[in-house]
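Structure below is protein.cif: mmCIF, N, CA and C atoms.
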```cif
data_start
#
loop_
_atom_site.label_atom_id
_atom_site.label_comp_id
_atom_site.auth_asym_id
_atom_site.auth_seq_id
_atom_site.Cartn_x
_atom_site.Cartn_y
_atom_site.Cartn_z
N MET G 22 19.46 10.04 -5.20
CA MET G 22 18.12 10.26 -4.67
C MET G 22 17.81 9.18 -3.64
N SER G 23 17.16 9.57 -2.56
CA SER G 23 16.84 8.58 -1.53
C SER G 23 15.35 8.25 -1.53
N LYS G 24 15.05 7.04 -1.09
CA LYS G 24 13.68 6.55 -1.07
C LYS G 24 13.35 6.09 0.35
N LEU G 25 12.14 6.42 0.80
CA LEU G 25 11.71 6.02 2.13
C LEU G 25 11.39 4.52 2.16
N LYS G 26 11.98 3.82 3.10
CA LYS G 26 11.69 2.40 3.32
C LYS G 26 11.04 2.27 4.69
N THR G 27 10.16 1.31 4.84
CA THR G 27 9.46 1.14 6.10
C THR G 27 9.37 -0.34 6.49
N ARG G 28 9.32 -0.57 7.80
CA ARG G 28 9.13 -1.93 8.31
C ARG G 28 7.73 -2.05 8.93
N MET G 29 6.83 -1.16 8.52
CA MET G 29 5.47 -1.15 9.07
C MET G 29 4.77 -2.49 8.91
N TYR G 30 4.85 -3.06 7.71
CA TYR G 30 4.15 -4.33 7.44
C TYR G 30 4.64 -5.41 8.41
N GLU G 31 5.93 -5.52 8.54
CA GLU G 31 6.54 -6.52 9.42
C GLU G 31 6.08 -6.34 10.88
N TYR G 32 6.15 -5.09 11.37
CA TYR G 32 5.75 -4.83 12.76
C TYR G 32 4.25 -5.01 12.94
N ARG G 33 3.47 -4.64 11.95
CA ARG G 33 2.01 -4.78 12.03
C ARG G 33 1.63 -6.25 12.11
N LYS G 34 2.29 -7.09 11.32
CA LYS G 34 2.02 -8.53 11.34
C LYS G 34 2.42 -9.14 12.68
N GLU G 35 3.56 -8.69 13.23
CA GLU G 35 4.00 -9.18 14.55
C GLU G 35 2.95 -8.91 15.61
N MET G 36 2.24 -7.78 15.49
CA MET G 36 1.22 -7.41 16.47
C MET G 36 -0.17 -7.92 16.09
N ASN G 37 -0.24 -8.63 14.95
CA ASN G 37 -1.51 -9.17 14.46
C ASN G 37 -2.55 -8.07 14.25
N LEU G 38 -2.11 -6.94 13.68
CA LEU G 38 -2.98 -5.80 13.41
C LEU G 38 -3.33 -5.75 11.92
N GLN G 39 -4.58 -5.48 11.62
CA GLN G 39 -4.99 -5.22 10.24
C GLN G 39 -4.64 -3.77 9.90
N GLN G 40 -4.57 -3.45 8.61
CA GLN G 40 -4.30 -2.06 8.20
C GLN G 40 -5.34 -1.12 8.79
N ALA G 41 -6.61 -1.51 8.77
CA ALA G 41 -7.69 -0.65 9.27
C ALA G 41 -7.55 -0.41 10.77
N GLU G 42 -7.10 -1.41 11.50
CA GLU G 42 -6.92 -1.25 12.95
C GLU G 42 -5.80 -0.27 13.26
N LEU G 43 -4.69 -0.39 12.54
CA LEU G 43 -3.58 0.55 12.72
C LEU G 43 -4.04 1.96 12.33
N ALA G 44 -4.77 2.05 11.24
CA ALA G 44 -5.27 3.35 10.78
C ALA G 44 -6.12 4.01 11.87
N ASP G 45 -7.01 3.25 12.51
CA ASP G 45 -7.85 3.78 13.59
C ASP G 45 -7.00 4.27 14.76
N LEU G 46 -5.96 3.52 15.09
CA LEU G 46 -5.10 3.88 16.22
C LEU G 46 -4.35 5.18 16.01
N VAL G 47 -4.03 5.50 14.75
CA VAL G 47 -3.25 6.71 14.47
C VAL G 47 -4.06 7.80 13.78
N GLY G 48 -5.35 7.56 13.54
CA GLY G 48 -6.23 8.61 13.01
C GLY G 48 -6.09 8.91 11.54
N VAL G 49 -5.84 7.87 10.72
CA VAL G 49 -5.79 8.04 9.26
C VAL G 49 -6.68 6.99 8.60
N ARG G 50 -6.83 7.08 7.28
CA ARG G 50 -7.61 6.09 6.54
C ARG G 50 -6.76 4.85 6.28
N ARG G 51 -7.42 3.71 6.11
CA ARG G 51 -6.72 2.45 5.83
C ARG G 51 -5.85 2.60 4.59
N GLU G 52 -6.34 3.32 3.59
CA GLU G 52 -5.59 3.50 2.34
C GLU G 52 -4.24 4.18 2.59
N THR G 53 -4.22 5.08 3.56
CA THR G 53 -2.97 5.77 3.90
C THR G 53 -1.93 4.77 4.42
N ILE G 54 -2.37 3.84 5.26
CA ILE G 54 -1.47 2.81 5.78
C ILE G 54 -0.93 1.96 4.63
N GLY G 55 -1.80 1.58 3.71
CA GLY G 55 -1.38 0.80 2.54
C GLY G 55 -0.36 1.54 1.70
N LYS G 56 -0.59 2.83 1.47
CA LYS G 56 0.35 3.63 0.68
C LYS G 56 1.69 3.76 1.39
N LEU G 57 1.65 3.92 2.72
CA LEU G 57 2.90 4.00 3.48
C LEU G 57 3.68 2.70 3.36
N GLU G 58 2.98 1.58 3.52
CA GLU G 58 3.66 0.27 3.46
C GLU G 58 4.25 0.00 2.09
N ASN G 59 3.63 0.55 1.05
CA ASN G 59 4.11 0.33 -0.32
C ASN G 59 5.07 1.41 -0.80
N GLY G 60 5.44 2.33 0.08
CA GLY G 60 6.39 3.37 -0.28
C GLY G 60 5.85 4.42 -1.23
N LYS G 61 4.52 4.57 -1.28
CA LYS G 61 3.91 5.52 -2.20
C LYS G 61 3.50 6.82 -1.49
N TYR G 62 3.84 6.94 -0.20
CA TYR G 62 3.43 8.10 0.58
C TYR G 62 4.46 8.32 1.68
N ASN G 63 4.87 9.57 1.88
CA ASN G 63 5.78 9.92 2.97
C ASN G 63 4.95 10.50 4.11
N PRO G 64 5.09 9.93 5.31
CA PRO G 64 4.29 10.41 6.44
C PRO G 64 4.78 11.74 6.97
N SER G 65 3.87 12.48 7.60
CA SER G 65 4.29 13.67 8.35
C SER G 65 5.11 13.17 9.54
N LEU G 66 5.84 14.06 10.16
CA LEU G 66 6.62 13.67 11.33
C LEU G 66 5.70 13.17 12.44
N LYS G 67 4.56 13.84 12.63
CA LYS G 67 3.63 13.42 13.68
C LYS G 67 3.10 12.02 13.40
N LEU G 68 2.71 11.75 12.16
CA LEU G 68 2.20 10.43 11.82
C LEU G 68 3.28 9.36 12.01
N ALA G 69 4.50 9.64 11.59
CA ALA G 69 5.60 8.69 11.77
C ALA G 69 5.81 8.40 13.25
N MET G 70 5.73 9.44 14.07
CA MET G 70 5.91 9.26 15.52
C MET G 70 4.74 8.46 16.12
N ASP G 71 3.52 8.75 15.69
CA ASP G 71 2.34 8.04 16.19
C ASP G 71 2.41 6.55 15.84
N ILE G 72 2.78 6.25 14.60
CA ILE G 72 2.90 4.85 14.16
C ILE G 72 3.98 4.14 14.96
N SER G 73 5.12 4.79 15.12
CA SER G 73 6.23 4.20 15.87
C SER G 73 5.82 3.90 17.31
N LYS G 74 5.05 4.81 17.91
CA LYS G 74 4.60 4.63 19.29
C LYS G 74 3.69 3.40 19.42
N VAL G 75 2.81 3.18 18.43
CA VAL G 75 1.94 2.00 18.44
C VAL G 75 2.79 0.73 18.46
N PHE G 76 3.86 0.73 17.68
CA PHE G 76 4.73 -0.46 17.59
C PHE G 76 5.72 -0.56 18.75
N GLY G 77 5.84 0.50 19.55
CA GLY G 77 6.82 0.50 20.63
C GLY G 77 8.25 0.56 20.10
N LYS G 78 8.42 1.23 18.97
CA LYS G 78 9.73 1.34 18.31
C LYS G 78 10.08 2.81 18.12
N SER G 79 11.34 3.06 17.82
CA SER G 79 11.74 4.43 17.47
C SER G 79 11.35 4.69 16.01
N VAL G 80 11.24 5.97 15.66
CA VAL G 80 10.93 6.33 14.27
C VAL G 80 11.97 5.73 13.34
N GLU G 81 13.23 5.73 13.77
CA GLU G 81 14.32 5.21 12.93
C GLU G 81 14.22 3.71 12.72
N GLU G 82 13.62 2.98 13.65
CA GLU G 82 13.43 1.54 13.49
C GLU G 82 12.34 1.23 12.47
N VAL G 83 11.35 2.12 12.39
CA VAL G 83 10.20 1.88 11.51
C VAL G 83 10.44 2.46 10.11
N PHE G 84 11.04 3.65 10.05
CA PHE G 84 11.25 4.34 8.78
C PHE G 84 12.73 4.64 8.57
N ARG G 85 13.19 4.50 7.32
CA ARG G 85 14.56 4.87 7.00
C ARG G 85 14.63 5.26 5.51
N PHE G 86 15.63 6.06 5.19
CA PHE G 86 15.87 6.43 3.80
C PHE G 86 17.01 5.62 3.25
N GLU G 87 16.85 5.12 2.03
CA GLU G 87 17.91 4.38 1.34
C GLU G 87 18.19 5.07 0.03
N GLU G 88 19.45 5.06 -0.33
CA GLU G 88 19.84 5.62 -1.63
C GLU G 88 19.39 4.68 -2.73
N GLU G 89 18.90 5.25 -3.83
CA GLU G 89 18.44 4.43 -4.96
C GLU G 89 19.58 4.13 -5.89
#
```
The structure in this file should be written as structure tokens.
Amino acid sequence: MSKLKTRMYEYRKEMNLQQAELADLVGVRRETIGKLENGKYNPSLKLAMDISKVFGKSVEEVFRFEEE
């Protein structure tokens, strides 16, 4: 079984963005960003692309699947 891993927290800190600020930029609630960062929520393809665009990274740089 594979699990989604993300580097959102790392990239968000590099840009000095709060969860709420990132949420506003991509049109979701702050709680959604928190759940994504903690691996408790899988983003839609559009959301993954929107988040990646904010960071100036590819979707693959921000999100990846790892085998458990």
key: For Arg85 (chain G), the nearest of the candidates G:Gly60, G:Ala44, G:Gln39, G:Lys67, counting only C-alpha atoms   = G:Gly60
task = Quick one: everything within 5 Å of Glu89 (chain G), counting only N, CA and C atoms, minus sequence neighbours fewer than 2 positions away in the same chain. Send it as a PyMOL selection string.
result = chain G and resi 22-23+87
inquiry  = I need the output of the PyMOL selection byres (((chain G and resi 71 and name CA) around 12) and name CA) for this file as a ChimeraX atom specification; which residues are they?
reply    = /G:43-49,64-70,72-80,83
message = Among chain G, which ones does DSSP assign to strand (DSSP E) (computed from the backbone)? Answer as a count of residues only.
response = 10
message = Given the PyMOL selection byres ((chain G and resi 51-58) around 6.5) and the file above, list the residues it selects as a PyMOL selection string.
response = chain G and resi 27+29-30+40-41+44-45+49-50+59-63
message = as a PyMOL selection string, please: every residue in chain G that a backbone DSSP assignment puts in helix (DSSP H, G or I).
response = chain G and resi 29-35+40-47+51-58+66-76+80-83
ask   = Please, what distance in Å, to one decimal, runs between atom C of Met36 (chain G) and atom N of Glu88 (chain G)?
value = 28.7 Å
task = Would you mind reading off the distance between atom N of Glu35 (chain G) and atom N of Phe86 (chain G), one decimal, in Å?
result = 20.7 Å
key: Point-to-point distance from CA of Glu81 (chain G) to atom N of Lys34 (chain G), Å rounded to tenths   = 17.3 Å
Please give the centre and size of the box around region 46-59 of chain G (axis-aligned, containing every atom listed in the file, 3 Å added per side), with values in Å to one decimal and written as JSON.
```
{"center_x": -1.3, "center_y": 4.5, "center_z": 7.7, "size_x": 18.7, "size_y": 14.9, "size_z": 23.0}
```
